Every structure is written in C-alpha cells, then in structure tokens.
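Below you'll find the structure, written out as structure tokens, and then a few comments.
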Amino acid sequence: MSDHDIASLLRDFGQHHCPEEPLYQRLCERLAQSSQACGWLAAAEPTQRKANLLLAAMHDQVLAEPSALGAWFASAGGTRAPDDAGLDTALEDFLQAHAATLAHSVRTRSTQTNEVGRCAVLWLLLQDLTRARRPLGSTEPVRMALFDFGCSAGLNLGLPWMGMTLRSPRLPGRQTSHPATGPDAPQLSCELIGPWPPHADAPTAFELTHRAGVDPALIDLHQPEAVRWLRACLWPSDTVRRQRLDAAIALARAHPAALHQAPAGQGCLQVLEAWLERLPKDTWPIILNTWVLYYASGPALAEHRSTLQHLLRRHRATWVSAEDLHTSTTLFGSPPTLPPVHGVGRDQDHAQTFWVTAQAPEGELQARYVARSHPHGQWVRWDA
C-alpha cells in the first residue's frame with residue numbers, strides 16, 4: 001500500500017470507526033499527515049494493517065512510561081482536551097522520541113479482541129439456540145461446549161460467571177438482570193433496540209461444560225507487559241471498558257479455560273478439529289469468532305468457511321460469528337433487508353457487529369442473520 005492509501009485508511013478510521021473517542025479522531029487526522037507513521041503502518045503484516053494497531057502501539061508506549069502526550073490520555077491520568085493546540089507538538093515529539101519502539105510494535109504485534117461486553121449478546125444467542133434444542137417442558141440445561149476461535153486471552157470464555165443487565169429505552173422500566181457469580185465478576189450492561197427478545201427474561205438454559213480457545217498470538221495473563229497491551233487496545237477515555245477488562249482478567253485467572261497457541265489458518269483449525277474429536281457425544285459444540293476474521297484475507301476466509309462447513313456437519317456443531325458487514329457478507333452472503341438502527345454510529349454498517357449463526361446438518365451451510373450490535377456490546381437489535 002502507498003502512503004496515500006495508508007493516509008486514507010487512517011482518516012477513514014478516525015471519521016467512521018471511533019465516534020466515541022475524540023482523541024483518536026484527532027490523532028488519526030494528524031497521523032495521516034506523517035509520512036513516518038504511514039511508513040510504519042505500511043510495514044505491518046497485511047492482515048494487521050489497521051489504524052487501531054498503530055493507535056494501540058502508541059497507547060501502549062504512553063502506558064509504559066510518562067510522556068508529554070500522556071496528558072491527553074485519560075487512561076494515563078491525562079485531562080487535556082483533544083482540541084488543545086498543544087497536541088500537535090506533543091504528538092510530533094512523541095513520534096520522534098519513540099520511533100524505533102513504535103515501528104517495531106506495529107511490525108510485530110497484533111490487535112487483540114478482548115471485549116467481554118459482547119458476551120451479553122452471546123448469552124442471548126446461546127439462549128435462542130437452546131430454545132430450539134431443548135425438549136418442550138424440559139428444565140434441564142443444555143450441555144454446550146464453547147470454542148473461541150481467535151481467543152486472544154480467552155476472556156469471552158468467562159461467560160458462565162458474568163452478570164448482565166438488559167434494558168430497553170423504548171419500553172420504560174423494561175429490564176432484566178442475571179447476576180454474576182461473585183462481587184468482582186464483570187457486570188455487563190446492554191441496551192436492547194427494537195423488539196424484546198423472547199428469551200431475554202428466562203433463566204440461563206445452557207451449561208458450558210467445556211471451554212477452550214486458540215490464537216496465533218495467545219496472551220499470557222500472568223505477564224504484565226501482555227496485560228498492558230490488552231489495555232492499550234482499548235479506547236483511552238473509556239473507563240467502563242477498562243474496569244470491565246480488569247474484572248474479566250481476574251475472572252480468567254480464577255477460572256482458566258483450555259487455551260492453545262497455533263499458527264494462523266490451518267494451524268488453528270487443526271486445534272479446533274482435535275478439540276471437537278475429544279468432546280463427549282452428548283455435548284453441543286459452539287464455535288465462536290468475534291472481530292477476528294475481520295483481519296483475514298479473502299482466500300483465507302474462503303478456506304476457513306470451507307473447513308468450518310465440514311466440521312459443522314461432521315460434529316453437529318453450530319457456528320456463531322460476530323464480525324463486520326463486509327466479513328459477514330463474504331462468509332455467509334448478503335444479509336436480508338433489515339430495519340435501520342438509528343442513533344450515533346448505528347446507521348453505519350461498518351460501525352455495527354453482525355451476529356450470524358450457521359449449521360450444516362446436510363452438508364450445505366445454512367446461515368441465519370440473528371442480530372446487530374455495537375462492536376463492544378453496548379446495544380443490540382434482535383433481528384431473528
């Protein structure tokens with residue numbers, strides 16, 4: 001990619017993908033004007049050549065040691081506003097002072113998917129799947145096994161211990177809560193847009209008896225630098241997400257899942273296949289990906305879809321995919337005509353997560369667009 005292409009990528013990200021982080025909007029505009037910064041991003045792995053990788057590398061350095069630029073990062077105790085005229089000078093000095101570190105981070109690291117706020121939507125989907133599987137009148141939980149493909153630190157696998165509150169702004173007073181298992185476990189909050197899902201009020205109807213995941217760049221939660229990188233991948237001003245991440249990290253340490261590291265592509269798929277082979281026959285496998293395949297190329301997506309189709313049929317498994325519109329369309333075809341979701345960032349398809357469930361009982365992939373949500377799970381519209 002040329003410097004011009006990288007600059008356009010940075011500007012697009014600032015204008016469309018981070019409306020809730022004014023600092024990143026301003027930084028993206030300034031970074032697009034820096035041939036040095038554009039050169040770093042151009043040297044990144046093609047699947048990681050994203051604006052948020054460069055922003056995470058900068059955020060990580062701000063968290064690692066004091067700097068003048070830290071005065072604009074709330075996560076580092078900063079209080080200055082993004083429109084402060086001093087930002088441009090502080091940014092230029094920061095880029096020069098840490099050029100070698102930033103260049104190395106962008107060239108060798110990858111952004112990490114660790115937003116457990118999405119687990120509120122995942123819980124709704126698993127509830128919906130369970131309603132169709134559980135015999136009429138039965139109160140026994142359905143035994144499920146959850147495999148997180150591209151699990152990073154495996155934080156989504158702490159779902160059984162998380163609490164959540166679901167509320168509807170269009171139905172005053174309508175809300176339901178499911179308590180966490182302990183006072184320090186993450187408590188998720190999700191706004192339900194549109195119709196109220198029929199299973200949102202019901203007690204949890206499934207039991208996750210097996211939890212596992214795989215990632216090419218697995219995060220060790222016992223390494224301080226690795227945990228700092230997870231925090232660096234968050235928006236600096238989002239205190240709620242930072243507190244939720246810290247709670248999820250503590251939860252993952254207390255209830256570790258079986259996590260594996262393997263080469264991207266077929267390496268990860270081989271780990272998944274071996275895990276499926278070992279599962280008890282009375283356990284329903286659920287294969288999850290959340291904003292992971294977004295980073296894959298077109299041929300890699302086609303290969304992934306083909307392999308998953310085979311595994312779904314062979315093991316009677318279900319695929320739950322939460323990706324952007326482009327990735328979802330590539331994997332499953334265009335979504336049906338869906339009612340608009342109005343509000344800041346909601347009208348734009350690229351600012352939404354498209355949740356799809358897929359099975360292949362007769363060999364052919366059968367996909368269903370189920371819901372759309374905020375990328376971090378702040379709201380969801382149930383479309384099923």
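FYI, nothing fancy with the structure tokens labels: chains A, B, ... in order, residues from 1 per chain, ligands from 1 as they appear.
Using only C-alpha atoms, the protein and nucleic acid residues lying no more than 12 Å from Pro224 in chain A, apart from those fewer than 6 places from it along its own chain, are Asp60, Leu63, Ala64, Leu230, Arg231 and Ile249 of chain A.
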Residues within 9 Å of Asp349 in chain A, only C-alpha atoms, excluding chain neighbours under 3 positions, as a PyMOL selection string: chain A and resi 324-326+345-346+352-354
Given the selection you just returned, output its residues as a file containing N, CA and C atoms, formatted as a PDB file, in the first residue's frame.
ATOM      1  N   ASP A 324     -17.790  -7.662  11.143  1.00  0.00           N
ATOM      2  CA  ASP A 324     -18.322  -6.502  10.443  1.00  0.00           C
ATOM      3  C   ASP A 324     -19.131  -6.972   9.219  1.00  0.00           C
ATOM      4  N   LEU A 325     -19.799  -6.030   8.566  1.00  0.00           N
ATOM      5  CA  LEU A 325     -20.679  -6.371   7.449  1.00  0.00           C
ATOM      6  C   LEU A 325     -19.920  -7.017   6.299  1.00  0.00           C
ATOM      7  N   HIS A 326     -18.763  -6.458   5.940  1.00  0.00           N
ATOM      8  CA  HIS A 326     -18.011  -6.987   4.797  1.00  0.00           C
ATOM      9  C   HIS A 326     -17.608  -8.439   5.037  1.00  0.00           C
ATOM     10  N   GLY A 345     -23.605   6.393  15.297  1.00  0.00           N
ATOM     11  CA  GLY A 345     -22.850   5.223  14.891  1.00  0.00           C
ATOM     12  C   GLY A 345     -23.691   4.034  14.502  1.00  0.00           C
ATOM     13  N   ARG A 346     -25.016   4.089  14.686  1.00  0.00           N
ATOM     14  CA  ARG A 346     -25.836   2.909  14.430  1.00  0.00           C
ATOM     15  C   ARG A 346     -26.292   2.830  12.980  1.00  0.00           C
ATOM     16  N   GLN A 352     -21.195  -1.489  13.025  1.00  0.00           N
ATOM     17  CA  GLN A 352     -22.032  -2.492  13.668  1.00  0.00           C
ATOM     18  C   GLN A 352     -21.377  -3.870  13.588  1.00  0.00           C
ATOM     19  N   THR A 353     -21.723  -4.697  14.550  1.00  0.00           N
ATOM     20  CA  THR A 353     -21.346  -6.106  14.504  1.00  0.00           C
ATOM     21  C   THR A 353     -22.549  -6.903  14.031  1.00  0.00           C
ATOM     22  N   PHE A 354     -22.344  -7.773  13.056  1.00  0.00           N
ATOM     23  CA  PHE A 354     -23.412  -8.624  12.530  1.00  0.00           C
ATOM     24  C   PHE A 354     -23.230 -10.035  13.104  1.00  0.00           C
TER      25      PHE A 354
END
Close residues, Tyr24 in chain A itself excluded, 9 Å, only C-alpha atoms, min 5 positions apart in chain, as a ChimeraX atom specification: /A:13-14,18-19,29,55,82,235-236
Residues flagged strand (DSSP E or B) by DSSP in range 89-221 of chain A, as a VMD selection string: chain A and resid 142 to 149 163 to 167 175 to 178 187 to 193 206 to 215
Store the residues picked out above, limited to N, CA and C atoms, as a tab-separated table (two decimals), in the first residue's frame.
chain	number	residue	atom	x	y	z
A	142	VAL	N	-29.09	-27.33	28.67
A	142	VAL	CA	-28.46	-27.98	27.52
A	142	VAL	C	-26.95	-27.91	27.70
A	143	ARG	N	-26.28	-29.04	27.55
A	143	ARG	CA	-24.82	-29.10	27.71
A	143	ARG	C	-24.16	-28.58	26.43
A	144	MET	N	-23.42	-27.51	26.59
A	144	MET	CA	-22.72	-26.90	25.47
A	144	MET	C	-21.22	-26.88	25.73
A	145	ALA	N	-20.45	-26.88	24.64
A	145	ALA	CA	-19.01	-26.69	24.69
A	145	ALA	C	-18.69	-25.47	23.82
A	146	LEU	N	-17.97	-24.51	24.37
A	146	LEU	CA	-17.70	-23.26	23.66
A	146	LEU	C	-16.24	-23.18	23.28
A	147	PHE	N	-15.98	-23.00	21.98
A	147	PHE	CA	-14.62	-22.84	21.47
A	147	PHE	C	-14.49	-21.45	20.87
A	148	ASP	N	-13.59	-20.64	21.40
A	148	ASP	CA	-13.38	-19.27	20.93
A	148	ASP	C	-12.23	-19.27	19.93
A	149	PHE	N	-12.55	-19.09	18.66
A	149	PHE	CA	-11.55	-19.11	17.59
A	149	PHE	C	-10.95	-17.70	17.47
A	163	GLY	N	-22.24	-11.39	35.04
A	163	GLY	CA	-23.61	-10.93	35.19
A	163	GLY	C	-23.95	-9.96	34.09
A	164	MET	N	-25.26	-9.73	33.88
A	164	MET	CA	-25.65	-8.80	32.83
A	164	MET	C	-27.01	-8.19	33.11
A	165	THR	N	-27.15	-6.97	32.66
A	165	THR	CA	-28.42	-6.26	32.75
A	165	THR	C	-28.82	-5.84	31.35
A	166	LEU	N	-30.03	-6.22	30.94
A	166	LEU	CA	-30.57	-5.90	29.63
A	166	LEU	C	-31.73	-4.95	29.83
A	167	ARG	N	-31.71	-3.81	29.10
A	167	ARG	CA	-32.79	-2.83	29.26
A	167	ARG	C	-33.20	-2.27	27.92
A	175	GLN	N	-36.61	-4.10	31.96
A	175	GLN	CA	-35.25	-4.58	32.01
A	175	GLN	C	-35.21	-5.92	32.74
A	176	THR	N	-34.14	-6.64	32.54
A	176	THR	CA	-33.96	-7.91	33.22
A	176	THR	C	-32.49	-8.05	33.56
A	177	SER	N	-32.22	-8.71	34.67
A	177	SER	CA	-30.84	-8.87	35.13
A	177	SER	C	-30.55	-10.32	35.44
A	178	HIS	N	-29.33	-10.70	35.16
A	178	HIS	CA	-28.83	-12.03	35.50
A	178	HIS	C	-27.58	-11.81	36.33
A	187	GLN	N	-19.93	-7.19	35.33
A	187	GLN	CA	-21.38	-6.99	35.22
A	187	GLN	C	-21.61	-6.22	33.94
A	188	LEU	N	-22.19	-6.86	32.95
A	188	LEU	CA	-22.37	-6.28	31.63
A	188	LEU	C	-23.70	-5.56	31.54
A	189	SER	N	-23.74	-4.50	30.74
A	189	SER	CA	-24.97	-3.75	30.53
A	189	SER	C	-25.19	-3.59	29.04
A	190	CYS	N	-26.39	-3.93	28.57
A	190	CYS	CA	-26.68	-3.89	27.14
A	190	CYS	C	-28.06	-3.30	26.91
A	191	GLU	N	-28.15	-2.37	25.97
A	191	GLU	CA	-29.40	-1.72	25.62
A	191	GLU	C	-30.05	-2.48	24.46
A	192	LEU	N	-31.28	-2.92	24.67
A	192	LEU	CA	-31.99	-3.67	23.64
A	192	LEU	C	-32.76	-2.71	22.74
A	193	ILE	N	-32.41	-2.69	21.45
A	193	ILE	CA	-33.05	-1.82	20.47
A	193	ILE	C	-34.10	-2.63	19.72
A	206	PHE	N	-28.58	-23.02	29.40
A	206	PHE	CA	-27.48	-23.85	28.91
A	206	PHE	C	-26.39	-23.93	29.97
A	207	GLU	N	-25.54	-24.92	29.85
A	207	GLU	CA	-24.39	-25.10	30.74
A	207	GLU	C	-23.16	-25.30	29.88
A	208	LEU	N	-22.14	-24.47	30.08
A	208	LEU	CA	-20.90	-24.61	29.32
A	208	LEU	C	-20.00	-25.60	30.05
A	209	THR	N	-20.05	-26.83	29.61
A	209	THR	CA	-19.30	-27.89	30.29
A	209	THR	C	-17.84	-27.97	29.84
A	210	HIS	N	-17.54	-27.42	28.67
A	210	HIS	CA	-16.17	-27.41	28.15
A	210	HIS	C	-15.91	-26.04	27.53
A	211	ARG	N	-14.73	-25.48	27.81
A	211	ARG	CA	-14.38	-24.15	27.30
A	211	ARG	C	-12.93	-24.21	26.80
A	212	ALA	N	-12.74	-23.76	25.57
A	212	ALA	CA	-11.39	-23.79	25.00
A	212	ALA	C	-11.26	-22.70	23.95
A	213	GLY	N	-10.04	-22.43	23.54
A	213	GLY	CA	-9.80	-21.42	22.52
A	213	GLY	C	-8.43	-21.58	21.90
A	214	VAL	N	-8.24	-20.90	20.78
A	214	VAL	CA	-6.95	-20.93	20.09
A	214	VAL	C	-6.66	-19.55	19.53
A	215	ASP	N	-5.38	-19.20	19.46
A	215	ASP	CA	-4.98	-17.91	18.91
A	215	ASP	C	-3.52	-17.99	18.46
Surrounding residues of range 271-280 of chain A excluding itself and chain neighbours under 2 positions, 12 Å, only C-alpha atoms, as a count of residues only: 49
Which residue of A:Cys233, A:Ala358, A:Leu91, A:Ala103 approaches Leu245 in chain A most closely, using only C-alpha atoms: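 Smallest distance to Leu245 in chain A is found for A:Cys233.
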Nearest to Glu21 in chain A by atom-to-atom distance, counting only C-alpha atoms, from A:Phe73, A:Asp3, A:Gly298, A:Thr327: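 When distances to Glu21 in chain A are compared using only C-alpha atoms, the smallest one comes from A:Phe73.
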Distance of CA of Ser152 in chain A from CA of Ala180 in chain A, expressed in Å to one decimal place: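 Calculated distance between CA of Ala180 in chain A and CA of Ser152 in chain A is 22.8 Å.
Inside range 203-259 of chain A, the residues DSSP reads as helix (DSSP H, G or I) when given the backbone are Pro224, Glu225, Ala226, Val227, Arg228, Trp229, Leu230, Arg231, Ala232, Thr239, Val240, Arg241, Arg242, Gln243, Arg244, Leu245, Asp246, Ala247, Ala248, Ile249, Ala250, Leu251, Ala252, Arg253 and Ala254 of chain A.
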With only C-alpha atoms as the counted atoms, please give the residues lying no more than 10 Å from Ser75 in chain A, apart from itself and same-chain residues fewer than 3 positions off, as a short mmCIF file (atom, residue, chain, number, x, y, z; two decimals) with all heavy atoms, in the first residue's frame.
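The file below, result.cif, is the result:
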data_model
loop_
_atom_site.label_atom_id
_atom_site.label_comp_id
_atom_site.auth_asym_id
_atom_site.auth_seq_id
_atom_site.Cartn_x
_atom_site.Cartn_y
_atom_site.Cartn_z
N HIS A 59 -0.61 3.93 22.38
CA HIS A 59 -1.24 3.86 23.71
C HIS A 59 -0.38 3.02 24.65
O HIS A 59 -0.19 3.36 25.83
CB HIS A 59 -2.64 3.26 23.56
CG HIS A 59 -3.49 3.41 24.78
ND1 HIS A 59 -4.74 2.85 24.88
CD2 HIS A 59 -3.27 4.03 25.97
CE1 HIS A 59 -5.26 3.13 26.05
NE2 HIS A 59 -4.39 3.84 26.74
N VAL A 62 2.50 5.04 25.84
CA VAL A 62 2.04 6.04 26.81
C VAL A 62 1.86 5.40 28.18
O VAL A 62 2.20 5.99 29.22
CB VAL A 62 0.73 6.68 26.33
CG1 VAL A 62 0.05 7.47 27.45
CG2 VAL A 62 0.99 7.61 25.14
N LEU A 63 1.32 4.17 28.20
CA LEU A 63 1.12 3.47 29.48
C LEU A 63 2.43 2.96 30.07
O LEU A 63 2.54 2.78 31.29
CB LEU A 63 0.16 2.29 29.28
CG LEU A 63 -1.28 2.63 28.88
CD1 LEU A 63 -2.07 1.36 28.60
CD2 LEU A 63 -1.97 3.46 29.95
N GLY A 70 0.98 11.86 27.16
CA GLY A 70 0.10 11.23 28.15
C GLY A 70 -0.89 12.19 28.77
O GLY A 70 -1.92 11.75 29.32
N ALA A 71 -0.64 13.50 28.66
CA ALA A 71 -1.57 14.48 29.21
C ALA A 71 -2.91 14.45 28.51
O ALA A 71 -3.90 14.98 29.02
CB ALA A 71 -0.96 15.88 29.12
N TRP A 72 -2.99 13.82 27.31
CA TRP A 72 -4.25 13.72 26.56
C TRP A 72 -4.91 12.33 26.71
O TRP A 72 -6.00 12.12 26.22
CB TRP A 72 -4.00 13.99 25.08
CG TRP A 72 -3.89 15.45 24.77
CD1 TRP A 72 -4.90 16.29 24.36
CD2 TRP A 72 -2.71 16.26 24.85
NE1 TRP A 72 -4.42 17.56 24.18
CE2 TRP A 72 -3.07 17.58 24.46
CE3 TRP A 72 -1.38 16.02 25.19
CZ2 TRP A 72 -2.15 18.63 24.42
CZ3 TRP A 72 -0.47 17.06 25.15
CH2 TRP A 72 -0.87 18.34 24.77
N GLY A 78 -4.31 11.61 32.08
CA GLY A 78 -4.38 12.88 31.37
C GLY A 78 -5.76 13.51 31.40
O GLY A 78 -6.77 12.80 31.46
N THR A 79 -5.79 14.83 31.32
CA THR A 79 -7.06 15.55 31.39
C THR A 79 -7.23 16.58 30.27
O THR A 79 -8.26 17.25 30.20
CB THR A 79 -7.18 16.28 32.74
OG1 THR A 79 -6.07 17.18 32.89
CG2 THR A 79 -7.20 15.31 33.91
N ARG A 231 -4.81 -3.54 27.62
CA ARG A 231 -5.35 -2.23 28.00
C ARG A 231 -5.08 -1.20 26.90
O ARG A 231 -5.90 -0.32 26.66
CB ARG A 231 -4.73 -1.77 29.32
CG ARG A 231 -5.10 -2.67 30.51
CD ARG A 231 -4.66 -2.08 31.83
NE ARG A 231 -5.07 -2.92 32.94
CZ ARG A 231 -4.25 -3.59 33.74
NH1 ARG A 231 -2.94 -3.50 33.55
NH2 ARG A 231 -4.70 -4.34 34.72
N ALA A 232 -3.94 -1.35 26.23
CA ALA A 232 -3.59 -0.40 25.16
C ALA A 232 -4.52 -0.54 23.96
O ALA A 232 -4.68 0.42 23.19
CB ALA A 232 -2.14 -0.61 24.72
N LEU A 234 -7.66 -0.76 24.14
CA LEU A 234 -8.92 -0.09 24.46
C LEU A 234 -8.83 1.39 24.14
O LEU A 234 -7.74 1.96 24.02
CB LEU A 234 -9.25 -0.27 25.95
CG LEU A 234 -9.34 -1.69 26.50
CD1 LEU A 234 -9.71 -1.65 27.97
CD2 LEU A 234 -10.34 -2.51 25.71
N TRP A 235 -9.99 2.05 24.01
CA TRP A 235 -10.01 3.50 23.85
C TRP A 235 -9.55 4.14 25.16
O TRP A 235 -9.99 3.75 26.25
CB TRP A 235 -11.41 3.98 23.52
CG TRP A 235 -12.00 3.75 22.16
CD1 TRP A 235 -13.23 4.16 21.77
CD2 TRP A 235 -11.44 3.11 21.00
NE1 TRP A 235 -13.47 3.79 20.46
CE2 TRP A 235 -12.38 3.16 19.97
CE3 TRP A 235 -10.21 2.49 20.76
CZ2 TRP A 235 -12.14 2.63 18.71
CZ3 TRP A 235 -9.98 1.94 19.50
CH2 TRP A 235 -10.92 2.02 18.50
N PRO A 236 -8.68 5.14 25.11
CA PRO A 236 -8.11 5.71 26.33
C PRO A 236 -9.13 6.31 27.30
O PRO A 236 -8.93 6.26 28.52
CB PRO A 236 -7.17 6.81 25.80
CG PRO A 236 -6.85 6.39 24.41
CD PRO A 236 -8.07 5.70 23.89
N SER A 237 -10.22 6.87 26.78
CA SER A 237 -11.17 7.57 27.66
C SER A 237 -12.27 6.66 28.20
O SER A 237 -13.10 7.10 28.99
CB SER A 237 -11.81 8.74 26.91
OG SER A 237 -12.60 8.27 25.84
N ASP A 238 -12.29 5.40 27.79
CA ASP A 238 -13.38 4.50 28.16
C ASP A 238 -13.08 3.80 29.48
O ASP A 238 -12.57 2.67 29.51
CB ASP A 238 -13.64 3.48 27.05
CG ASP A 238 -15.02 2.84 27.16
OD1 ASP A 238 -15.53 2.77 28.29
OD2 ASP A 238 -15.57 2.43 26.12
N THR A 239 -13.43 4.46 30.57
CA THR A 239 -13.17 3.91 31.90
C THR A 239 -13.97 2.64 32.15
O THR A 239 -13.48 1.70 32.78
CB THR A 239 -13.53 4.96 32.97
OG1 THR A 239 -12.79 6.16 32.72
CG2 THR A 239 -13.20 4.46 34.37
N ARG A 242 -12.29 -0.30 30.60
CA ARG A 242 -11.04 -0.61 31.31
C ARG A 242 -11.34 -1.38 32.60
O ARG A 242 -10.68 -2.37 32.92
CB ARG A 242 -10.28 0.68 31.59
CG ARG A 242 -8.86 0.47 32.07
CD ARG A 242 -8.01 1.71 31.85
NE ARG A 242 -8.52 2.88 32.54
CZ ARG A 242 -9.04 3.93 31.93
NH1 ARG A 242 -9.17 3.95 30.62
NH2 ARG A 242 -9.46 4.98 32.63
#
Separation of CA of Ser321 in chain A from CA of Asn289 in chain A in Å: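 Between these atoms lies a distance of 5.1 Å.
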